2 protein chains.
Amino acid sequence: MKILIIGASGTIGSRVTAALESNHQVIRAGKDSGEVSLDLSNPESIRQALSQVAPLDAIVCAAGAVAFNQFDKLSREEWDLGINSRLMGQVNLTQIGTEFLNDGGSITLTSGIIADHPIAMGTSAATLNGAIEHFAKAVAQELPRGLRVNVVSPTVVTESLAVYGDYFPGFHSIDAKDLALSYLRSVQGIETGQTFKAHAGN
Amino acid sequence: MKILIIGASGTIGSRVTAALESNHQVIRAGKDSGEVSLDLSNPESIRQALSQVAPLDAIVCAAGAVAFNQFDKLSREEWDLGINSRLMGQVNLTQIGTEFLNDGGSITLTSGIIADHPIAMGTSAATLNGAIEHFAKAVAQELPRGLRVNVVSPTVVTESLAVYGDYFPGFHSIDAKDLALSYLRSVQGIETGQTFKAHAGN
């Protein structure tokens with residue numbers, strides 16, 4: 001398969017890349033890194049990147065920003081960060097990606113455990129992660145040509161505990177190499193409209 | 001209790017009003033109707049309306065627009081209709097409403113069955129309804145002074161079948177008077193962070 005990985009230089013994306021590149025042709029995309037430049041918050045950037053590398057068999061998104069703050073302090077600007085990236089970035093990627101995928105291709109998006117398990121400062125993330133999971137469930141029924149779409153919902157990644165661990169007190173982390181299996185399952189499996197919750201024990 | 005009902009002239013809102021006004025002081029709000037003018041898509045309108053009628057014991061939102069279209073034709077403008085009303089309208093109502101509610105007060109929001117059961121043209125509704133359910137679950141952990149927040153998720157209302165029935169082929173409808181019970185449960189009960197799924201049989 002020819003697979004585009006968005007956010008390929010990140011903690012998650014780099015392990016997903018490692019898991020897939022032994023058996024597939026992997027193209028790395030990122031805002032400021034990789035072989036292809038792709039800014040998830042910009043639909044024109046998505047279209048330009050995909051048109052450079054099409055046709056594809058799979059698109060994996062391990063990117064998507066969202067703001068963290070107390071609910072009473074969350075501004076519309078902070079909400080819009082996530083609305084334009086985590087939510088509409090991945091929605092646009094799915095809509096535009098559909099044009100550039102071969103029959104039977106797949107799109108794998110990323111949400112996160114906060115959709116199910118609230119943390120301090122996490123209201124916007126919970127809302128927009130949840131949105132993406134319901135989006136995938138719905139849009140999977142509508143995609144043409146056997147295209148599939150799934151979501152991976154990670155808990156905090158072990159390799160990121162030094163940075164994000166304080167946000168997730170008492171949460172079980174997952175090693176990035178184990179998390180990568182959920183992405184591999186979405187790409188190589190047959191399921192669609194699913195959210196693979198990579199947060200056992202929580 | 002002193003209760004503000006937004007969308008009080010609608011099919012759902014009018015039955016919720018009827019169910020609550022025998023035991024409570026109900027104030028009707030709407031964009032172009034009711035005792036108080038409130039445009040859910042405009043945070044300043046929300047603040048102005050609430051400041052006119054505060055303090056309140058409960059706020060019920062039976063409003064919130066969203067666009068319906070095929071996924072491949074959904075434009076950002078159509079997404080924004082729902083983002084600014086169904087999603088951020090209800091988020092803003094919760095954020096601003098918190099300032100105007102008495103201790104132990106409640107906010108009741110509205111999502112819809114499409115979050116769980118996809119229908120044609122319904123991808124944006126599914127996404128934003130789901131977002132509101134995850135929002136309430138998360139923000140309920142953060143609200144101060146014993147404030148509560150819940151969501152009611154209706155199936156298609158029997159009284160609306162003539163207009164919306166074709167969108168919901170084979171779905172069981174709910175009579176508005178039965179649906180009103182879920183709103184009453186949210187206002188008068190003790191639960192918080194919940195989504196009351198008023199769609200038995202589906």
# chains A, B, ... in the order shown; residues from 1 in each chain; ligands from 1
>>> interface_residues(of="chain A", to="chain B", cutoff="7 Å", atoms="only C-alpha atoms", output="list of chain:residue names")
A:Asp72, A:Gln95, A:Ala115, A:Pro118, A:Thr123, A:Ala126, A:Thr127, A:Leu128, A:Gly130, A:Ala131, A:Ile132, A:His134, A:Phe135, A:Ala138, A:Val139
>>> select_by_dssp(residues="range 55-135 of chain A", states="helix (DSSP H, G or I)", output="ChimeraX atom specification")
/A:71-73,76-100,113-115,123-135
>>> residues_around(residues="Val36 in chain B", least_positions_apart="2", cutoff="12 Å", atoms="only C-alpha atoms", output="list of chain:residue names")
B:Leu4, B:Ile5, B:Ile6, B:Gly7, B:Ala8, B:Ser9, B:Val26, B:Ile27, B:Arg28, B:Ala29, B:Gly30, B:Lys31, B:Asp32, B:Ser33, B:Gly34, B:Leu38, B:Asp39, B:Ser45, B:Ile46, B:Arg47, B:Gln48, B:Ala49, B:Leu50, B:Ser51, B:Gln52, B:Val53, B:Ala54
>>> closest_residue(among="A:Ser22, A:Thr17, A:Ser173, A:Gln188", to="Ser106 in chain A", atoms="only C-alpha atoms")
A:Gln188
>>> atom_distance(atom1="CA of Phe196 in chain A", atom2="CA of Ala180 in chain A")
11.2 Å
>>> closest_residue(among="A:Leu184, A:Ala200, A:Val151, A:Ala65", to="Phe171 in chain A", atoms="only C-alpha atoms")
A:Ala200
>>> residues_around(residues="Glu191 in chain B", least_positions_apart="2", cutoff="10 Å", atoms="only C-alpha atoms", output="list in words")
Ser106, Ala140, Arg148, Val149, Asn150, Arg185, Ser186, Val187, Gln188, Gly189, Gly193, Gln194 and Thr195 of chain B
>>> residues_around(residues="Lys197 in chain B", least_positions_apart="5", cutoff="9 Å", atoms="only C-alpha atoms", output="PDB file with N, CA, C and O atoms, in the first residue's frame")
ATOM      1  N   GLY B 112     -29.260  14.864  19.830  1.00  0.00           N
ATOM      2  CA  GLY B 112     -30.214  14.186  18.962  1.00  0.00           C
ATOM      3  C   GLY B 112     -29.731  12.796  18.601  1.00  0.00           C
ATOM      4  O   GLY B 112     -28.522  12.515  18.640  1.00  0.00           O
ATOM      5  N   ILE B 113     -30.668  11.968  18.248  1.00  0.00           N
ATOM      6  CA  ILE B 113     -30.400  10.545  17.995  1.00  0.00           C
ATOM      7  C   ILE B 113     -29.370  10.317  16.896  1.00  0.00           C
ATOM      8  O   ILE B 113     -28.714   9.268  16.849  1.00  0.00           O
ATOM      9  N   VAL B 151     -27.714  16.557  28.965  1.00  0.00           N
ATOM     10  CA  VAL B 151     -28.140  16.659  27.572  1.00  0.00           C
ATOM     11  C   VAL B 151     -29.338  15.726  27.369  1.00  0.00           C
ATOM     12  O   VAL B 151     -29.348  14.622  27.914  1.00  0.00           O
ATOM     13  N   VAL B 152     -30.309  16.172  26.609  1.00  0.00           N
ATOM     14  CA  VAL B 152     -31.387  15.292  26.153  1.00  0.00           C
ATOM     15  C   VAL B 152     -31.173  15.018  24.663  1.00  0.00           C
ATOM     16  O   VAL B 152     -30.956  15.950  23.885  1.00  0.00           O
ATOM     17  N   SER B 153     -31.195  13.746  24.297  1.00  0.00           N
ATOM     18  CA  SER B 153     -31.019  13.337  22.900  1.00  0.00           C
ATOM     19  C   SER B 153     -32.309  12.732  22.376  1.00  0.00           C
ATOM     20  O   SER B 153     -32.597  11.559  22.612  1.00  0.00           O
ATOM     21  N   PRO B 154     -33.127  13.532  21.691  1.00  0.00           N
ATOM     22  CA  PRO B 154     -34.414  13.008  21.196  1.00  0.00           C
ATOM     23  C   PRO B 154     -34.269  12.248  19.881  1.00  0.00           C
ATOM     24  O   PRO B 154     -33.434  12.581  19.051  1.00  0.00           O
ATOM     25  N   THR B 155     -35.103  11.253  19.696  1.00  0.00           N
ATOM     26  CA  THR B 155     -35.358  10.726  18.360  1.00  0.00           C
ATOM     27  C   THR B 155     -36.301  11.724  17.664  1.00  0.00           C
ATOM     28  O   THR B 155     -36.626  12.783  18.212  1.00  0.00           O
ATOM     29  N   SER B 182     -37.827  13.810  29.840  1.00  0.00           N
ATOM     30  CA  SER B 182     -36.364  13.785  29.959  1.00  0.00           C
ATOM     31  C   SER B 182     -35.837  15.152  30.392  1.00  0.00           C
ATOM     32  O   SER B 182     -34.884  15.247  31.174  1.00  0.00           O
TER      33      SER B 182
END
>>> atom_distance(atom1="CA of Ala67 in chain A", atom2="CA of Asp166 in chain A")
16.0 Å
>>> select_by_dssp(residues="range 51-99 of chain A", states="strand (DSSP E)", output="ChimeraX atom specification")
/A:56-61
>>> write_last_selection(atoms="all heavy atoms", output="CSV table (one decimal), in the first residue's frame")
chain,number,residue,atom,x,y,z
A,56,LEU,N,-3.5,7.3,-3.3
A,56,LEU,CA,-3.1,6.7,-2.1
A,56,LEU,C,-4.0,5.5,-1.7
A,56,LEU,O,-5.2,5.4,-2.2
A,56,LEU,CB,-3.2,7.7,-0.9
A,56,LEU,CG,-2.2,8.9,-1.0
A,56,LEU,CD1,-2.7,10.0,-0.1
A,56,LEU,CD2,-0.8,8.4,-0.5
A,57,ASP,N,-3.5,4.6,-0.9
A,57,ASP,CA,-4.3,3.5,-0.4
A,57,ASP,C,-4.8,3.8,1.1
A,57,ASP,O,-5.7,3.2,1.5
A,57,ASP,CB,-3.5,2.2,-0.4
A,57,ASP,CG,-3.2,1.8,-1.9
A,57,ASP,OD1,-4.1,1.6,-2.7
A,57,ASP,OD2,-2.0,1.8,-2.2
A,58,ALA,N,-4.0,4.6,1.8
A,58,ALA,CA,-4.4,4.9,3.1
A,58,ALA,C,-3.8,6.3,3.5
A,58,ALA,O,-2.8,6.7,3.1
A,58,ALA,CB,-3.9,3.8,4.1
A,59,ILE,N,-4.6,7.0,4.4
A,59,ILE,CA,-4.2,8.2,5.0
A,59,ILE,C,-4.3,8.0,6.5
A,59,ILE,O,-5.4,7.6,7.0
A,59,ILE,CB,-5.1,9.4,4.5
A,59,ILE,CG1,-5.0,9.6,3.0
A,59,ILE,CG2,-4.7,10.7,5.2
A,59,ILE,CD1,-6.0,10.6,2.4
A,60,VAL,N,-3.3,8.4,7.2
A,60,VAL,CA,-3.3,8.3,8.6
A,60,VAL,C,-3.0,9.7,9.2
A,60,VAL,O,-2.0,10.3,8.8
A,60,VAL,CB,-2.2,7.3,9.2
A,60,VAL,CG1,-2.1,7.4,10.7
A,60,VAL,CG2,-2.5,5.9,8.7
A,61,CYS,N,-3.9,10.1,10.1
A,61,CYS,CA,-3.7,11.5,10.7
A,61,CYS,C,-3.3,11.3,12.2
A,61,CYS,O,-4.2,10.9,13.0
A,61,CYS,CB,-4.9,12.3,10.6
A,61,CYS,SG,-4.7,14.0,11.3
>>> atom_distance(atom1="CA of Pro55 in chain B", atom2="CA of Leu109 in chain B")
18.7 Å
